[in-house]
Every structure is written in C-alpha cells, then in structure tokens.
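Below: the structure, in structure tokens.
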Amino acid sequence: MKAIVQDRYGSSDVLELRDIATPEPGRGEVLMAVRGAAVDAGVWHLMSGRPYLLRLMGYGLRAPRVPVRGREVSGRVEAVGEGVSAFRAGDEVFGICEGSFAEYATARADKLAHKPAGLPLEAAAALPISGLTALQALRDAGRVRPGQRVLVIGAAGGVGTLAVQLAKAFGAHVTGVCSTAKTELVRGLGADEVIDYTREEFADGTRHYDLVLDTAGNRSLSHLRRALTPRGTLVIIGGEGGGRWLGGMERILRAALLNPFVRHGLKGFMAVERQADLEVLGRHVEDGTLSPAVHYTCPLAEAAEAVDRQHRGEARGKILITP
C-alpha cells in the first residue's frame, strides 16, 4: 500500500510517499481502508519533532516511533482483530489512529465510532481530534451554559470552526475571532458576532466574555484576561511559538501557576480520546447542529504541502487527504 512516511524529524521535505506493507489488526484493533485523513496541528509537531517535550513523551527521541503520519481518519472496516465486537467488515467509521496518511490503517476499536448518517465518509475525518478538543474544551473545561457569552479565538481553524457550532448548540452567544479573509466562513457557521483581528482588538476593555477559548496559541495571559468578565474562564487549547523545548506550552504552565491567585478560571487543556464523545459528535452531526468545514481535499502525494499550509494558518477549517 502507499503511505506518507518519514524516517527523521525535520521540515515537510522529510515526508515521502512510499509503498509499505499493509498492516494487520491486532487484538482489539480494526483494519480499515482509509477514505479520508485530516491535517491537524499535531501533524506538523510530530513531523518536526518540536517542541522537544513531544519526544520525551514517547513519540521517539531521534526519529518518529510511528513513521506514517496522520491521526484523524475515516474509512471502511476491512477486518477486525480478536476481541472486537462493536464493528464488522463493511462498517463506515471515523476516529483516531496512528498513521492515517495511507491507503490502509489500523486503529484501536475504542477510538472509533460509526460514521454519522448523512455525512460523506471522507468528510468524517475532519471530526475526531478537532471535534473532541472543541467539545471537551467547551463542555468540560469551560462548563459552558446557555446564555453565556463565548469568545472563540481562531474561529476559522479546525478546532475553532467546530467550537463555534458547538457553543451555539449549547445555547451560548458566540463571537468568533479570525482574519479578514475568513469572516464570512465564521458568520456562516452561526457566530452571532465576528471580530476581524486585523482591524479591531477583541480585548479592548469594552467587551467581556464569560468563556474565552484560545485556539490560536500565541497571545499572553494578561492580554487574554482583559477579555474576561470578573469571574470568566479562559481555556487555552495547545500552544504555538515559544521555545524549542516547550513550544507554546509555557502559557499553560503559567496559567496553572497563576490560577489559584486570581478570580478568573485559567485552564490549560488537552483532549481525551474517548469513544463516547466521538459518538456525541456524531449525534450533533445527525441533528444538524454540527458540520465540518472542509477547506479542500488533496491526494496523498500532496500531503507535505497540505501540512505546510495548515501550519502557516492558511486553512479555513480542515484540509483533507484521500488515498
């Protein structure tokens, strides 16, 4: 089968389209024919090996432990391993695996869910990691409630486009922050207000929000706190920039240290890969409150450019890769 493989850390030129052996499902695993794979922010970090903290977390010190890139996936089940009863050959599924930039991939059965009805199988790949992040950041970390004012920074990104829709589904008044070229997309997702950060400042002291989701990852805590109500909550989703060792994760550490001493709730956040919440996302799709925003779809051979475009912030929603 063909797959996007890397043997060393570096820029996108380390990604190569190669023929490799088709994997076989182990106990508790599913083999699927991949129909869609999405580019999320983590792909660039795993490709580059930065921040170095990732390498210490088991992804490989000198080279990637898993050489095939991609984690978000949708596809059709080809075979199931021992102990798998929830899926069978022919089922259409979406979820999380290691190595989705390939024609075939294996995944743990407990990190997959059945594709929601009415959604093209290819597009379902845009949901898993970004969707879990948006859902859990709002519901669990942010404890969003109906009538609250929610600000989503980076509202046109993979997480942001889903967070805007889910916040509306939870009954919030939603303001999205994005660049000029992406304002119409964010309005189309249902945002009540859209702020073009190139023309106006969202933290100017005149507007305050009960919950701020920062998916853009480069603003200081003091800047972000100016947009909060006196008892508002800030949820920091990942981080960009910063040093080689921690990247943007320094802000999460600062938030944890500062949180006990301020009235604001300051929370760093990383999503939990949970099948039950994949099913929640599926139900939101089926009831019409959630639809993935897909910027464009490209073949495996163009995966390196897709990763670069996502990292440069050019994507409006998600970029999908198909075998």
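In the structure tokens, chains take letters A, B, ... by order of appearance, with residues numbered from 1 within each chain and ligands from 1 in the order shown.
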
Notebook entry, point to check: DSSP says strand (DSSP E or B) for which residues of segment 46-248 of chain A? Put them as a PyMOL selection string?
Noted result: chain A and resi 68+72-80+92-96+102+104-108+112-114+149-153+173-178+193-196+209-214+228-237+243+247

Within 6 Å of segment 289-304 of chain A using only C-alpha atoms, minus same-chain residues under 5 positions, as a compact mmCIF listing (two decimals) with N, CA and C atoms, in the first residue's frame:
```
# COMPACT_ATOMS: atom_id res chain seq x y z
N SER A 12 8.83 19.72 6.04
CA SER A 12 7.95 18.83 5.28
C SER A 12 8.67 18.02 4.21
N GLN A 165 -19.79 26.19 16.32
CA GLN A 165 -21.07 25.49 16.14
C GLN A 165 -21.53 24.82 17.43
N HIS A 284 -24.48 15.19 17.11
CA HIS A 284 -24.61 16.59 16.73
C HIS A 284 -24.66 16.74 15.20
N ARG A 316 -8.99 27.16 6.00
CA ARG A 316 -10.28 27.60 6.53
C ARG A 316 -11.04 26.34 6.91
N GLY A 317 -10.96 25.98 8.17
CA GLY A 317 -11.47 24.69 8.58
C GLY A 317 -10.39 23.65 8.43
N LYS A 318 -10.74 22.50 7.84
CA LYS A 318 -9.82 21.38 7.74
C LYS A 318 -9.38 21.11 6.31
N ILE A 319 -8.16 20.62 6.18
CA ILE A 319 -7.67 20.09 4.91
C ILE A 319 -7.74 18.56 5.01
N LEU A 320 -8.33 17.94 3.99
CA LEU A 320 -8.46 16.50 3.97
C LEU A 320 -7.53 15.89 2.95
N ILE A 321 -7.06 14.68 3.26
CA ILE A 321 -6.20 13.93 2.36
C ILE A 321 -6.90 12.60 2.05
N THR A 322 -6.94 12.24 0.79
CA THR A 322 -7.57 10.98 0.38
C THR A 322 -6.57 10.13 -0.37
N PRO A 323 -6.60 8.81 -0.15
CA PRO A 323 -5.67 7.91 -0.87
C PRO A 323 -5.96 7.92 -2.36
```

What are the closest atom pairs, with distances in Å to one decimal, for each residue of segment 180-265 of chain A lying within 10 Å of segment 122-145 of chain A, using only C-alpha atoms, rows by chain and rising residue number, as CSV?
```
residue,atom,partner,partner_atom,distance
A:Asp210,CA,A:Val144,CA,8.5
A:Leu211,CA,A:Gly142,CA,6.5
A:Val212,CA,A:Gly142,CA,8.3
A:Leu213,CA,A:Ala137,CA,7.6
A:Thr215,CA,A:Ala134,CA,9.3
A:Gly232,CA,A:Gly142,CA,9.3
A:Thr233,CA,A:Gly142,CA,6.5
A:Leu234,CA,A:Gly142,CA,7.5
A:Val235,CA,A:Gly142,CA,6.5
A:Ile236,CA,A:Ala137,CA,8.7
A:Ile237,CA,A:Ala137,CA,7.7
A:Gly238,CA,A:Thr133,CA,9.8
A:Gly265,CA,A:Gly142,CA,8.8
```

Now that the selection is made, can you save its residues with N, CA and C atoms as a short mmCIF file (atom, residue, chain, number, x, y, z; two decimals), in the first residue's frame?
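Wrote part_25.cif, looks like this:
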```cif
data_model
loop_
_atom_site.label_atom_id
_atom_site.label_comp_id
_atom_site.auth_asym_id
_atom_site.auth_seq_id
_atom_site.Cartn_x
_atom_site.Cartn_y
_atom_site.Cartn_z
N ASP A 210 -17.85 35.48 29.20
CA ASP A 210 -17.86 34.51 30.29
C ASP A 210 -16.86 33.39 30.06
N LEU A 211 -16.63 33.07 28.78
CA LEU A 211 -15.72 31.98 28.43
C LEU A 211 -14.94 32.37 27.18
N VAL A 212 -13.63 32.27 27.26
CA VAL A 212 -12.76 32.53 26.11
C VAL A 212 -12.01 31.25 25.78
N LEU A 213 -12.14 30.78 24.53
CA LEU A 213 -11.37 29.64 24.03
C LEU A 213 -10.28 30.19 23.12
N THR A 215 -7.68 29.17 20.64
CA THR A 215 -7.14 28.10 19.82
C THR A 215 -5.98 28.57 18.96
N GLY A 232 -14.86 35.20 34.72
CA GLY A 232 -14.83 34.44 33.48
C GLY A 232 -13.75 33.38 33.45
N THR A 233 -13.86 32.49 32.46
CA THR A 233 -12.94 31.37 32.32
C THR A 233 -12.20 31.45 30.99
N LEU A 234 -10.91 31.24 31.05
CA LEU A 234 -10.06 31.16 29.87
C LEU A 234 -9.60 29.72 29.70
N VAL A 235 -9.83 29.14 28.52
CA VAL A 235 -9.35 27.79 28.21
C VAL A 235 -8.32 27.90 27.10
N ILE A 236 -7.10 27.50 27.39
CA ILE A 236 -6.00 27.57 26.43
C ILE A 236 -5.86 26.20 25.78
N ILE A 237 -6.07 26.16 24.48
CA ILE A 237 -6.03 24.89 23.74
C ILE A 237 -4.69 24.79 23.01
N GLY A 238 -3.79 24.00 23.57
CA GLY A 238 -2.47 23.84 22.96
C GLY A 238 -1.68 25.13 23.00
N GLY A 265 -10.92 31.89 35.98
CA GLY A 265 -10.52 30.50 35.83
C GLY A 265 -9.57 30.38 34.65
#
```

Checklist line | Minimum-distance residue to Lys2 of chain A, chosen among A:Arg274, A:Arg18, A:Arg207, A:Arg35 (using only C-alpha atoms) | finding: A:Arg18

Next item on the list: Fewer than 2 positions away in the same chain doesn't count, so skip those; otherwise give me all residues within 8 Å of segment 167-174 of chain A, counting only C-alpha atoms, as an MDAnalysis selection string.
Entry: chainID A and resid 138 144:152 163:165 176 190:193 289
